[in-house]
file model-v6.cif (mmCIF, C-alpha atoms)
data_my_file
loop_
_atom_site.group_PDB
_atom_site.id
_atom_site.type_symbol
_atom_site.label_atom_id
_atom_site.label_comp_id
_atom_site.auth_asym_id
_atom_site.auth_seq_id
_atom_site.Cartn_x
_atom_site.Cartn_y
_atom_site.Cartn_z
ATOM 1 C CA MET A 17 0.000 0.000 0.000
ATOM 2 C CA PRO A 18 1.495 3.393 -0.963
ATOM 3 C CA ASP A 19 1.889 5.671 2.063
ATOM 4 C CA GLY A 20 0.632 9.243 2.016
ATOM 5 C CA ASP A 21 4.099 10.724 1.734
ATOM 6 C CA GLY A 22 4.900 8.365 -1.137
ATOM 7 C CA VAL A 23 1.796 9.513 -3.022
ATOM 8 C CA HIS A 24 2.780 13.135 -2.456
ATOM 9 C CA ARG A 25 6.309 12.462 -3.719
ATOM 10 C CA ALA A 26 4.925 10.728 -6.798
ATOM 11 C CA THR A 27 2.585 13.671 -7.441
ATOM 12 C CA SER A 28 5.475 16.110 -7.101
ATOM 13 C CA ALA A 29 7.609 14.082 -9.518
ATOM 14 C CA LEU A 30 4.758 13.913 -12.044
ATOM 15 C CA ARG A 31 4.213 17.656 -11.756
ATOM 16 C CA THR A 32 7.897 18.368 -12.361
ATOM 17 C CA ALA A 33 8.114 16.060 -15.366
ATOM 18 C CA LEU A 34 4.780 16.814 -17.068
ATOM 19 C CA ALA A 35 3.368 20.244 -16.161
ATOM 20 C CA GLY A 36 3.565 22.861 -18.902
ATOM 21 C CA LYS A 37 4.668 20.389 -21.571
ATOM 22 C CA PRO A 38 2.745 19.165 -24.618
ATOM 23 C CA MET A 39 2.077 15.445 -24.592
ATOM 24 C CA ALA A 40 3.827 13.427 -27.294
ATOM 25 C CA ARG A 41 2.186 10.032 -26.668
ATOM 26 C CA PHE A 42 -0.525 8.449 -24.519
ATOM 27 C CA ASP A 43 -0.932 4.698 -23.980
ATOM 28 C CA ALA A 44 -3.482 2.941 -21.768
ATOM 29 C CA SER A 45 -4.286 -0.723 -21.348
ATOM 30 C CA CYS A 46 -7.637 -0.458 -19.552
ATOM 31 C CA LEU A 47 -8.821 3.138 -19.806
ATOM 32 C CA VAL A 48 -12.458 4.061 -19.201
ATOM 33 C CA GLY A 49 -13.286 7.183 -21.214
ATOM 34 C CA PRO A 50 -11.717 9.043 -24.160
ATOM 35 C CA ALA A 51 -7.954 9.147 -24.541
ATOM 36 C CA PRO A 52 -6.247 12.556 -24.221
ATOM 37 C CA ARG A 53 -4.957 13.827 -27.544
ATOM 38 C CA ALA A 54 -1.302 14.216 -28.427
ATOM 39 C CA GLY A 55 -0.217 17.861 -28.464
ATOM 40 C CA ARG A 56 -2.421 18.920 -25.541
ATOM 41 C CA VAL A 57 -0.483 20.564 -22.699
ATOM 42 C CA VAL A 58 -0.518 19.159 -19.170
ATOM 43 C CA GLU A 59 -1.650 22.023 -16.925
ATOM 44 C CA ARG A 60 -1.505 20.513 -13.454
ATOM 45 C CA VAL A 61 -1.172 17.339 -11.380
ATOM 46 C CA GLU A 62 -3.088 16.934 -8.117
ATOM 47 C CA ASN A 63 -3.661 14.237 -5.538
ATOM 48 C CA HIS A 64 -6.479 13.589 -3.078
ATOM 49 C CA GLY A 65 -5.408 10.722 -0.856
ATOM 50 C CA LYS A 66 -4.542 7.859 -3.209
ATOM 51 C CA HIS A 67 -6.349 9.524 -6.097
ATOM 52 C CA ILE A 68 -3.981 11.247 -8.551
ATOM 53 C CA GLU A 69 -5.398 13.432 -11.314
ATOM 54 C CA ILE A 70 -3.607 14.849 -14.361
ATOM 55 C CA VAL A 71 -5.344 17.762 -16.073
ATOM 56 C CA TRP A 72 -4.768 18.921 -19.679
ATOM 57 C CA ASP A 73 -5.437 22.335 -21.173
ATOM 58 C CA ASP A 74 -8.678 21.185 -22.862
ATOM 59 C CA ASN A 75 -10.202 20.273 -19.464
ATOM 60 C CA MET A 76 -9.552 16.565 -19.947
ATOM 61 C CA VAL A 77 -8.738 14.854 -16.643
ATOM 62 C CA LEU A 78 -7.042 11.490 -16.096
ATOM 63 C CA HIS A 79 -8.084 10.048 -12.744
ATOM 64 C CA THR A 80 -6.156 7.147 -11.207
ATOM 65 C CA ASN A 81 -6.952 5.437 -7.913
ATOM 66 C CA LEU A 82 -3.859 3.619 -6.617
ATOM 67 C CA ARG A 83 -5.551 1.781 -3.730
ATOM 68 C CA MET A 84 -3.428 -1.147 -2.462
ATOM 69 C CA ASN A 85 -1.018 -1.932 -5.295
ATOM 70 C CA GLY A 86 -0.974 1.055 -7.652
ATOM 71 C CA SER A 87 1.994 3.380 -8.189
ATOM 72 C CA TRP A 88 3.274 6.094 -10.506
ATOM 73 C CA HIS A 89 6.880 6.082 -11.789
ATOM 74 C CA VAL A 90 8.738 8.761 -13.717
ATOM 75 C CA TYR A 91 11.504 7.705 -16.109
ATOM 76 C CA ARG A 92 13.845 9.482 -18.415
ATOM 77 C CA GLN A 93 13.327 8.549 -22.050
ATOM 78 C CA ALA A 94 14.952 5.205 -22.916
ATOM 79 C CA GLU A 95 15.429 4.401 -19.220
ATOM 80 C CA PRO A 96 14.271 0.816 -18.403
ATOM 81 C CA TRP A 97 11.090 0.415 -16.332
ATOM 82 C CA ARG A 98 11.285 -1.115 -12.886
ATOM 83 C CA LYS A 99 8.039 -3.057 -13.383
ATOM 84 C CA PRO A 100 6.949 -5.288 -16.278
ATOM 85 C CA TYR A 101 5.008 -3.855 -19.197
ATOM 86 C CA GLN A 102 2.055 -6.178 -18.414
ATOM 87 C CA GLN A 103 1.380 -4.191 -15.203
ATOM 88 C CA MET A 104 1.255 -0.867 -17.036
ATOM 89 C CA CYS A 105 -2.119 0.921 -16.923
ATOM 90 C CA VAL A 106 -1.148 4.310 -18.380
ATOM 91 C CA ALA A 107 1.973 5.781 -19.969
ATOM 92 C CA ILE A 108 2.338 9.490 -20.727
ATOM 93 C CA GLU A 109 5.309 10.713 -22.748
ATOM 94 C CA VAL A 110 6.531 14.301 -22.982
ATOM 95 C CA ALA A 111 9.873 15.664 -24.135
ATOM 96 C CA GLY A 112 12.567 14.017 -22.008
ATOM 97 C CA TRP A 113 10.245 12.049 -19.690
ATOM 98 C CA VAL A 114 7.816 9.138 -19.501
ATOM 99 C CA ALA A 115 5.323 8.836 -16.624
ATOM 100 C CA VAL A 116 3.925 5.346 -16.069
ATOM 101 C CA CYS A 117 1.137 4.167 -13.785
ATOM 102 C CA PHE A 118 1.241 0.518 -12.708
ATOM 103 C CA ASN A 119 -1.520 -1.644 -11.202
ATOM 104 C CA ALA A 120 -4.016 1.144 -10.519
ATOM 105 C CA ALA A 121 -7.468 0.034 -9.453
ATOM 106 C CA VAL A 122 -9.120 2.804 -11.503
ATOM 107 C CA THR A 123 -7.930 4.571 -14.661
ATOM 108 C CA GLU A 124 -10.557 6.815 -16.208
ATOM 109 C CA THR A 125 -10.933 10.142 -17.967
ATOM 110 C CA TYR A 126 -13.596 12.840 -17.790
ATOM 111 C CA ARG A 127 -13.971 16.509 -18.643
ATOM 112 C CA ILE A 128 -14.262 19.307 -16.100
ATOM 113 C CA PRO A 129 -17.753 20.845 -16.322
ATOM 114 C CA ASP A 130 -17.644 23.987 -18.454
ATOM 115 C CA LYS A 131 -20.615 26.352 -18.908
ATOM 116 C CA ARG A 132 -19.526 27.066 -22.452
ATOM 117 C CA ARG A 133 -20.102 23.393 -23.331
ATOM 118 C CA HIS A 134 -23.433 23.104 -21.518
ATOM 119 C CA PRO A 135 -26.354 22.759 -23.971
ATOM 120 C CA GLY A 136 -28.489 25.009 -21.785
ATOM 121 C CA MET A 137 -25.870 27.729 -21.532
ATOM 122 C CA GLY A 138 -23.517 27.690 -24.448
ATOM 123 C CA ARG A 139 -21.307 30.594 -25.432
ATOM 124 C CA LEU A 140 -22.629 33.963 -24.301
ATOM 125 C CA GLY A 141 -23.827 36.421 -26.903
ATOM 126 C CA PRO A 142 -22.569 40.011 -27.330
ATOM 127 C CA ASP A 143 -23.315 42.570 -24.599
ATOM 128 C CA LEU A 144 -25.078 45.525 -26.217
ATOM 129 C CA CYS A 145 -24.146 47.781 -23.295
ATOM 130 C CA GLU A 146 -20.454 47.605 -24.169
ATOM 131 C CA SER A 147 -19.254 50.316 -26.533
ATOM 132 C CA ASN A 148 -16.949 47.978 -28.470
ATOM 133 C CA THR A 149 -19.700 45.434 -29.234
ATOM 134 C CA ASP A 150 -20.497 44.937 -32.914
ATOM 135 C CA PRO A 151 -24.338 44.862 -33.208
ATOM 136 C CA SER A 152 -24.093 42.833 -36.429
ATOM 137 C CA VAL A 153 -22.944 39.831 -34.365
ATOM 138 C CA ALA A 154 -26.215 39.932 -32.419
ATOM 139 C CA VAL A 155 -28.159 40.307 -35.680
ATOM 140 C CA ASN A 156 -26.546 37.155 -37.081
ATOM 141 C CA LEU A 157 -27.124 35.186 -33.872
ATOM 142 C CA LEU A 158 -30.770 36.230 -33.836
ATOM 143 C CA LEU A 159 -31.375 35.233 -37.455
ATOM 144 C CA SER A 160 -29.511 31.929 -37.055
ATOM 145 C CA HIS A 161 -31.284 30.875 -33.843
ATOM 146 C CA LYS A 162 -31.472 27.078 -33.871
ATOM 147 C CA ASP A 163 -35.249 26.761 -33.414
ATOM 148 C CA GLY A 164 -37.097 28.923 -35.905
ATOM 149 C CA ALA A 165 -40.425 28.266 -34.193
ATOM 150 C CA ASP A 166 -39.325 30.014 -30.974
ATOM 151 C CA GLN A 167 -41.095 33.270 -30.181
ATOM 152 C CA LEU A 168 -39.182 36.510 -30.525
ATOM 153 C CA GLY A 169 -40.165 37.753 -27.064
ATOM 154 C CA GLU A 170 -38.611 34.674 -25.488
ATOM 155 C CA VAL A 171 -35.446 34.571 -27.617
ATOM 156 C CA LEU A 172 -34.555 38.161 -26.673
ATOM 157 C CA LEU A 173 -33.944 36.975 -23.087
ATOM 158 C CA ASP A 174 -31.606 34.183 -24.269
ATOM 159 C CA GLN A 175 -28.103 35.187 -23.117
ATOM 160 C CA ARG A 176 -26.587 33.054 -25.875
ATOM 161 C CA VAL A 177 -28.114 35.411 -28.454
ATOM 162 C CA VAL A 178 -27.703 38.823 -26.831
ATOM 163 C CA ARG A 179 -26.878 40.213 -23.402
ATOM 164 C CA GLY A 180 -28.120 43.408 -21.804
ATOM 165 C CA LEU A 181 -31.824 43.028 -22.546
ATOM 166 C CA GLY A 182 -33.778 42.315 -19.391
ATOM 167 C CA ASN A 183 -37.525 41.986 -19.092
ATOM 168 C CA LEU A 184 -38.159 45.761 -19.155
ATOM 169 C CA TYR A 185 -36.094 46.404 -22.277
ATOM 170 C CA ARG A 186 -37.531 43.359 -24.029
ATOM 171 C CA SER A 187 -40.990 44.930 -23.856
ATOM 172 C CA GLU A 188 -39.830 48.447 -24.718
ATOM 173 C CA VAL A 189 -37.664 47.469 -27.703
ATOM 174 C CA LEU A 190 -40.395 45.320 -29.232
ATOM 175 C CA TRP A 191 -42.843 48.218 -28.893
ATOM 176 C CA ALA A 192 -40.356 50.653 -30.424
ATOM 177 C CA THR A 193 -39.950 48.463 -33.523
ATOM 178 C CA GLU A 194 -43.671 47.520 -33.730
ATOM 179 C CA LEU A 195 -42.740 43.831 -33.745
ATOM 180 C CA SER A 196 -45.047 41.262 -32.233
ATOM 181 C CA PRO A 197 -43.461 39.486 -29.261
ATOM 182 C CA PHE A 198 -45.105 36.301 -30.545
ATOM 183 C CA ALA A 199 -43.450 36.422 -33.965
ATOM 184 C CA ARG A 200 -41.590 33.277 -34.947
ATOM 185 C CA ILE A 201 -37.857 33.793 -35.291
ATOM 186 C CA ASP A 202 -37.862 32.302 -38.781
ATOM 187 C CA SER A 203 -40.400 34.949 -39.887
ATOM 188 C CA LEU A 204 -37.966 37.818 -39.261
ATOM 189 C CA THR A 205 -36.220 39.485 -42.158
ATOM 190 C CA GLU A 206 -32.689 40.836 -41.964
ATOM 191 C CA ARG A 207 -34.165 44.350 -41.910
ATOM 192 C CA ASP A 208 -36.341 43.415 -38.911
ATOM 193 C CA ALA A 209 -33.354 42.034 -37.012
ATOM 194 C CA ILE A 210 -31.183 45.087 -37.767
ATOM 195 C CA ARG A 211 -33.926 47.495 -36.636
ATOM 196 C CA LEU A 212 -34.472 45.502 -33.462
ATOM 197 C CA ILE A 213 -30.811 45.260 -32.445
ATOM 198 C CA ASN A 214 -30.094 48.880 -33.351
ATOM 199 C CA ALA A 215 -33.060 50.078 -31.252
ATOM 200 C CA ALA A 216 -31.942 47.912 -28.340
ATOM 201 C CA THR A 217 -28.350 49.161 -28.575
ATOM 202 C CA THR A 218 -29.426 52.806 -28.723
ATOM 203 C CA MET A 219 -31.847 52.474 -25.821
ATOM 204 C CA LEU A 220 -29.463 50.557 -23.549
ATOM 205 C CA ARG A 221 -26.467 52.817 -24.060
ATOM 206 C CA ALA A 222 -28.505 56.003 -23.673
ATOM 207 C CA ASN A 223 -30.054 54.809 -20.424
ATOM 208 C CA MET A 224 -26.685 53.901 -18.900
ATOM 209 C CA GLN A 225 -26.262 57.611 -18.102
ATOM 210 C CA ARG A 226 -29.736 58.078 -16.612
ATOM 211 C CA ALA A 227 -31.082 57.515 -13.130
ATOM 212 C CA GLU A 228 -34.401 56.209 -14.507
ATOM 213 C CA CYS A 229 -35.016 54.039 -17.547
ATOM 214 C CA ALA A 230 -36.754 55.639 -20.485
ATOM 215 C CA ALA A 231 -37.849 54.423 -23.881
ATOM 216 C CA ILE A 232 -36.121 57.235 -25.733
ATOM 217 C CA VAL A 233 -37.886 56.384 -28.979
ATOM 218 C CA ALA A 234 -41.296 56.750 -27.336
ATOM 219 C CA GLY A 235 -41.651 60.417 -28.172
ATOM 220 C CA LYS A 236 -42.752 61.731 -24.789
ATOM 221 C CA GLY A 237 -40.078 59.832 -22.880
ATOM 222 C CA GLY A 238 -40.646 57.468 -19.994
ATOM 223 C CA LEU A 239 -41.733 53.876 -20.499
ATOM 224 C CA ALA A 240 -44.034 53.094 -23.377
ATOM 225 C CA VAL A 241 -45.529 49.750 -22.323
ATOM 226 C CA TYR A 242 -43.697 48.196 -19.384
ATOM 227 C CA GLY A 243 -45.878 48.221 -16.265
ATOM 228 C CA ARG A 244 -48.654 50.080 -18.104
ATOM 229 C CA ASN A 245 -51.147 47.240 -18.593
ATOM 230 C CA GLY A 246 -54.680 48.544 -18.926
ATOM 231 C CA GLN A 247 -53.504 51.985 -20.021
ATOM 232 C CA ARG A 248 -53.749 53.520 -23.458
ATOM 233 C CA CYS A 249 -50.861 53.170 -25.926
ATOM 234 C CA GLN A 250 -49.406 56.605 -26.657
ATOM 235 C CA ARG A 251 -48.857 55.667 -30.296
ATOM 236 C CA CYS A 252 -52.162 54.095 -31.396
ATOM 237 C CA GLY A 253 -54.501 54.502 -28.431
ATOM 238 C CA GLU A 254 -55.156 50.769 -28.006
ATOM 239 C CA THR A 255 -55.086 49.255 -24.507
ATOM 240 C CA ILE A 256 -51.716 47.821 -23.405
ATOM 241 C CA ASP A 257 -51.850 44.167 -22.451
ATOM 242 C CA CYS A 258 -49.609 41.819 -20.476
ATOM 243 C CA ARG A 259 -49.079 38.107 -19.986
ATOM 244 C CA PRO A 260 -46.332 35.764 -18.767
ATOM 245 C CA LEU A 261 -44.098 34.417 -21.518
ATOM 246 C CA GLY A 262 -41.208 31.988 -21.720
ATOM 247 C CA GLN A 263 -39.672 29.280 -19.593
ATOM 248 C CA HIS A 264 -39.568 31.442 -16.463
ATOM 249 C CA SER A 265 -42.923 33.156 -17.103
ATOM 250 C CA ARG A 266 -41.491 36.676 -17.128
ATOM 251 C CA MET A 267 -44.275 39.258 -17.554
ATOM 252 C CA LEU A 268 -44.385 40.689 -21.061
ATOM 253 C CA TYR A 269 -46.094 44.012 -21.886
ATOM 254 C CA TRP A 270 -47.180 44.873 -25.429
ATOM 255 C CA CYS A 271 -49.770 46.732 -27.469
ATOM 256 C CA ARG A 272 -52.128 44.592 -29.512
ATOM 257 C CA GLY A 273 -53.008 47.562 -31.688
ATOM 258 C CA CYS A 274 -49.644 48.541 -33.171
ATOM 259 C CA GLN A 275 -47.343 45.543 -32.494
ATOM 260 C CA GLN A 276 -48.730 43.391 -35.270
ATOM 261 C CA HIS A 277 -45.685 42.904 -37.489
ATOM 262 C CA HIS A 278 -45.247 39.121 -37.969
ATOM 263 C CA ASP A 279 -48.048 38.576 -35.444
ATOM 264 C CA GLN A 280 -48.870 34.893 -35.037
ATOM 265 C CA HIS A 281 -52.558 35.095 -34.208
ATOM 266 C CA GLN A 282 -52.772 31.553 -33.002
ATOM 267 C CA GLU A 283 -50.052 32.309 -30.468
ATOM 268 C CA ILE A 284 -51.686 35.335 -28.854
ATOM 269 C CA GLN A 285 -55.279 34.242 -28.682
ATOM 270 C CA THR A 286 -56.102 33.790 -25.034
ATOM 271 C CA GLU A 287 -59.231 32.949 -23.126
ATOM 272 C CA ASP A 288 -61.541 35.818 -22.239
ATOM 273 C CA MET A 289 -59.916 36.192 -18.906
ATOM 274 C CA PRO A 290 -59.436 39.495 -17.075
ATOM 275 C CA ILE A 291 -55.941 40.724 -16.250
ATOM 276 C CA ASP A 292 -56.833 40.627 -12.585
ATOM 277 C CA PRO A 293 -60.036 38.733 -11.682
ATOM 278 C CA HIS A 294 -60.506 40.526 -8.355
ATOM 279 C CA PRO A 295 -63.780 42.549 -8.408
ATOM 280 C CA ALA A 296 -62.049 45.688 -7.123
ATOM 281 C CA ALA A 297 -59.516 45.532 -9.942
ATOM 282 C CA GLN A 298 -62.261 45.028 -12.513
ATOM 283 C CA ALA A 299 -64.220 47.995 -11.140
ATOM 284 C CA TYR A 300 -61.126 50.171 -11.402
ATOM 285 C CA LEU A 301 -60.391 49.103 -14.994
ATOM 286 C CA ALA A 302 -64.009 49.613 -16.030
ATOM 287 C CA GLY A 303 -63.835 53.176 -14.711
ATOM 288 C CA LEU A 304 -60.882 54.174 -16.859
ATOM 289 C CA PRO A 305 -61.881 56.786 -19.457
ATOM 290 C CA TRP A 306 -61.078 54.633 -22.471
ATOM 291 C CA ASN A 307 -63.103 51.710 -21.085
ATOM 292 C CA ARG A 308 -66.289 53.673 -20.348
ATOM 293 C CA ASN A 309 -69.234 53.278 -22.677
ATOM 294 C CA VAL A 310 -69.891 56.541 -24.405
ATOM 295 C CA GLY A 311 -73.644 57.095 -25.001
#
call {"tool": "encode", "arguments": {"input": "model-v6.cif", "output": "structure tokens"}}
result
Amino acid sequence: MPDGDGVHRATSALRTALAGKPMARFDASCLVGPAPRAGRVVERVENHGKHIEIVWDDNMVLHTNLRMNGSWHVYRQAEPWRKPYQQMCVAIEVAGWVAVCFNAAVTETYRIPDKRRHPGMGRLGPDLCESNTDPSVAVNLLLSHKDGADQLGEVLLDQRVVRGLGNLYRSEVLWATELSPFARIDSLTERDAIRLINAATTMLRANMQRAECAAIVAGKGGLAVYGRNGQRCQRCGETIDCRPLGQHSRMLYWCRGCQQHHDQHQEIQTEDMPIDPHPAAQAYLAGLPWNRNVG
């Protein structure tokens, strides 16, 4: 059984021989998992008890559990091994050195979790708040979104497409461009996408210098639709509506009257259900000037 100090010495020897060097050759007799590729650089060597791990620069990890009979040896190239080849589990060759693991109970590889590889995360899109961001990158990511049936109002909150747009700006930018939040992504033209991203970029960067958010394209300033459900749209006079949308049911605000570009009617038809079913809320909404019956 290898003692703790022996494992630490072996780890130190492996680190000295391998760290910072590209791998020339990798051999394994009983490896579970993919083999590390030649040319990848060994970044670090660590041990946790009798577990020794070698990590490459592509996040590939070789894990060995020495248990009772396992051991790591480091040899100079062409130097004879002190144990027979039949007991070899792994051999790693770099310039000038060969590291060999004998009789390990476990030899396996895995990759360190990386958000950029996660299907639900992926690479982050451009941040429209940053002055050096090229808006055309966001335009291309929007038009090439993988699922063309996804709704525009939901895709705008996808950080893999564009960053900077929260729930408030999603509603305001869609109103500014008169696009329906329920438009399918594959229905957008390049002109639509350019208008949308340009409006978002202008609005975000202008509001970075303000204490309060404002839809600067809304004519009178202030917010055009966000938080104004039940009120009259300042552009067309129709009543502003709201409903939860997307995986996390974020509340979307939009105007049915003027946000009809690429409107998917089957997507926005809802049951005849009041915004707030409480009688007091209904009495208040019925008393608004634009909801009163004019004789």
call {"tool": "resolve_selection", "arguments": {"input": "model-v6.cif", "expression": "the PyMOL selection byres ((chain A and resi 256) around 12)", "output": "mmCIF file with C-alpha atoms, in the frame of the given file"}}
result
data_model
loop_
_atom_site.group_PDB
_atom_site.id
_atom_site.type_symbol
_atom_site.label_atom_id
_atom_site.label_comp_id
_atom_site.auth_asym_id
_atom_site.auth_seq_id
_atom_site.Cartn_x
_atom_site.Cartn_y
_atom_site.Cartn_z
ATOM 1 C CA SER A 187 -40.990 44.930 -23.856
ATOM 2 C CA GLU A 188 -39.830 48.447 -24.718
ATOM 3 C CA TRP A 191 -42.843 48.218 -28.893
ATOM 4 C CA ALA A 240 -44.034 53.094 -23.377
ATOM 5 C CA VAL A 241 -45.529 49.750 -22.323
ATOM 6 C CA TYR A 242 -43.697 48.196 -19.384
ATOM 7 C CA GLY A 243 -45.878 48.221 -16.265
ATOM 8 C CA ARG A 244 -48.654 50.080 -18.104
ATOM 9 C CA ASN A 245 -51.147 47.240 -18.593
ATOM 10 C CA GLY A 246 -54.680 48.544 -18.926
ATOM 11 C CA GLN A 247 -53.504 51.985 -20.021
ATOM 12 C CA ARG A 248 -53.749 53.520 -23.458
ATOM 13 C CA CYS A 249 -50.861 53.170 -25.926
ATOM 14 C CA GLN A 250 -49.406 56.605 -26.657
ATOM 15 C CA ARG A 251 -48.857 55.667 -30.296
ATOM 16 C CA CYS A 252 -52.162 54.095 -31.396
ATOM 17 C CA GLY A 253 -54.501 54.502 -28.431
ATOM 18 C CA GLU A 254 -55.156 50.769 -28.006
ATOM 19 C CA THR A 255 -55.086 49.255 -24.507
ATOM 20 C CA ASP A 257 -51.850 44.167 -22.451
ATOM 21 C CA CYS A 258 -49.609 41.819 -20.476
ATOM 22 C CA ARG A 259 -49.079 38.107 -19.986
ATOM 23 C CA LEU A 268 -44.385 40.689 -21.061
ATOM 24 C CA TYR A 269 -46.094 44.012 -21.886
ATOM 25 C CA TRP A 270 -47.180 44.873 -25.429
ATOM 26 C CA CYS A 271 -49.770 46.732 -27.469
ATOM 27 C CA ARG A 272 -52.128 44.592 -29.512
ATOM 28 C CA GLY A 273 -53.008 47.562 -31.688
ATOM 29 C CA CYS A 274 -49.644 48.541 -33.171
ATOM 30 C CA GLN A 275 -47.343 45.543 -32.494
ATOM 31 C CA ILE A 291 -55.941 40.724 -16.250
ATOM 32 C CA TRP A 306 -61.078 54.633 -22.471
#
call {"tool": "resolve_selection", "arguments": {"input": "model-v6.cif", "expression": "the PyMOL selection byres ((chain A and resi 82-97) around 7)", "output": "MDAnalysis selection string"}}
result
chainID A and resid 17:18 26 29:30 66:67 80:81 98:99 112:121
call {"tool": "closest_residue", "arguments": {"input": "model-v6.cif", "among": "A:Leu140, A:Leu34, A:Met104, A:Val48", "to": "Val71 of chain A", "atoms": "all atoms listed in the file"}}
result
A:Leu34
call {"tool": "resolve_selection", "arguments": {"input": "model-v6.cif", "expression": "the PyMOL selection byres ((chain A and resi 266) around 12)", "output": "PyMOL selection string"}}
result
chain A and resi 169-170+172-173+182-184+186-187+242+258-265+267-269
call {"tool": "atom_distance", "arguments": {"input": "model-v6.cif", "atom1": "atom CA of Thr218 of chain A", "atom2": "atom CA of Gln280 of chain A"}}
result
27.2 Å
call {"tool": "atom_distance", "arguments": {"input": "model-v6.cif", "atom1": "atom CA of Met76 of chain A", "atom2": "atom CA of Arg127 of chain A"}}
result
4.6 Å
call {"tool": "atom_distance", "arguments": {"input": "model-v6.cif", "atom1": "atom CA of Val153 of chain A", "atom2": "atom CA of Glu194 of chain A"}}
result
22.1 Å
call {"tool": "closest_residue", "arguments": {"input": "model-v6.cif", "among": "A:Ala222, A:Thr149, A:Asp174, A:Val155", "to": "Asp208 of chain A", "atoms": "only C-alpha atoms"}}
result
A:Val155
call {"tool": "residues_around", "arguments": {"input": "model-v6.cif", "residues": "Pro52 of chain A", "least_positions_apart": "6", "cutoff": "9 Å", "atoms": "only C-alpha atoms", "output": "PyMOL selection string"}}
result
chain A and resi 39+42+72+76-78+125
call {"tool": "closest_residue", "arguments": {"input": "model-v6.cif", "among": "A:Arg31, A:His277, A:His79, A:Lys37", "to": "Arg60 of chain A", "atoms": "all atoms listed in the file"}}
result
A:Arg31
call {"tool": "decode", "arguments": {"input": "model-v6.cif", "residues": "segment 101-112 of chain A", "atoms": "N, CA, C and O atoms", "output": "PDB file, in the first residue's frame"}}
result
ATOM      1  N   TYR A 101       5.957  -4.562 -18.338  1.00  0.00           N
ATOM      2  CA  TYR A 101       5.008  -3.855 -19.197  1.00  0.00           C
ATOM      3  C   TYR A 101       3.582  -4.330 -18.955  1.00  0.00           C
ATOM      4  O   TYR A 101       2.632  -3.549 -19.054  1.00  0.00           O
ATOM      5  N   GLN A 102       3.387  -5.624 -18.612  1.00  0.00           N
ATOM      6  CA  GLN A 102       2.055  -6.178 -18.414  1.00  0.00           C
ATOM      7  C   GLN A 102       1.309  -5.504 -17.260  1.00  0.00           C
ATOM      8  O   GLN A 102       0.085  -5.566 -17.186  1.00  0.00           O
ATOM      9  N   GLN A 103       2.024  -4.864 -16.340  1.00  0.00           N
ATOM     10  CA  GLN A 103       1.380  -4.191 -15.203  1.00  0.00           C
ATOM     11  C   GLN A 103       1.100  -2.716 -15.478  1.00  0.00           C
ATOM     12  O   GLN A 103       0.531  -2.023 -14.641  1.00  0.00           O
ATOM     13  N   MET A 104       1.465  -2.273 -16.674  1.00  0.00           N
ATOM     14  CA  MET A 104       1.255  -0.867 -17.036  1.00  0.00           C
ATOM     15  C   MET A 104      -0.225  -0.603 -17.290  1.00  0.00           C
ATOM     16  O   MET A 104      -0.893  -1.345 -18.013  1.00  0.00           O
ATOM     17  N   CYS A 105      -0.747   0.463 -16.664  1.00  0.00           N
ATOM     18  CA  CYS A 105      -2.119   0.921 -16.923  1.00  0.00           C
ATOM     19  C   CYS A 105      -2.137   2.127 -17.849  1.00  0.00           C
ATOM     20  O   CYS A 105      -2.962   2.226 -18.749  1.00  0.00           O
ATOM     21  N   VAL A 106      -1.211   3.070 -17.599  1.00  0.00           N
ATOM     22  CA  VAL A 106      -1.148   4.310 -18.380  1.00  0.00           C
ATOM     23  C   VAL A 106       0.312   4.699 -18.544  1.00  0.00           C
ATOM     24  O   VAL A 106       1.104   4.566 -17.600  1.00  0.00           O
ATOM     25  N   ALA A 107       0.653   5.200 -19.731  1.00  0.00           N
ATOM     26  CA  ALA A 107       1.973   5.781 -19.969  1.00  0.00           C
ATOM     27  C   ALA A 107       1.798   7.106 -20.693  1.00  0.00           C
ATOM     28  O   ALA A 107       1.088   7.181 -21.702  1.00  0.00           O
ATOM     29  N   ILE A 108       2.429   8.149 -20.147  1.00  0.00           N
ATOM     30  CA  ILE A 108       2.338   9.490 -20.727  1.00  0.00           C
ATOM     31  C   ILE A 108       3.743   9.954 -21.059  1.00  0.00           C
ATOM     32  O   ILE A 108       4.613  10.024 -20.176  1.00  0.00           O
ATOM     33  N   GLU A 109       3.973  10.293 -22.319  1.00  0.00           N
ATOM     34  CA  GLU A 109       5.309  10.713 -22.748  1.00  0.00           C
ATOM     35  C   GLU A 109       5.301  12.187 -23.130  1.00  0.00           C
ATOM     36  O   GLU A 109       4.432  12.644 -23.878  1.00  0.00           O
ATOM     37  N   VAL A 110       6.269  12.913 -22.584  1.00  0.00           N
ATOM     38  CA  VAL A 110       6.531  14.301 -22.982  1.00  0.00           C
ATOM     39  C   VAL A 110       8.018  14.375 -23.326  1.00  0.00           C
ATOM     40  O   VAL A 110       8.753  13.394 -23.162  1.00  0.00           O
ATOM     41  N   ALA A 111       8.468  15.520 -23.766  1.00  0.00           N
ATOM     42  CA  ALA A 111       9.873  15.664 -24.135  1.00  0.00           C
ATOM     43  C   ALA A 111      10.767  15.389 -22.926  1.00  0.00           C
ATOM     44  O   ALA A 111      10.697  16.076 -21.916  1.00  0.00           O
ATOM     45  N   GLY A 112      11.581  14.337 -23.042  1.00  0.00           N
ATOM     46  CA  GLY A 112      12.567  14.017 -22.008  1.00  0.00           C
ATOM     47  C   GLY A 112      12.079  13.071 -20.925  1.00  0.00           C
ATOM     48  O   GLY A 112      12.910  12.528 -20.176  1.00  0.00           O
TER      49      GLY A 112
END
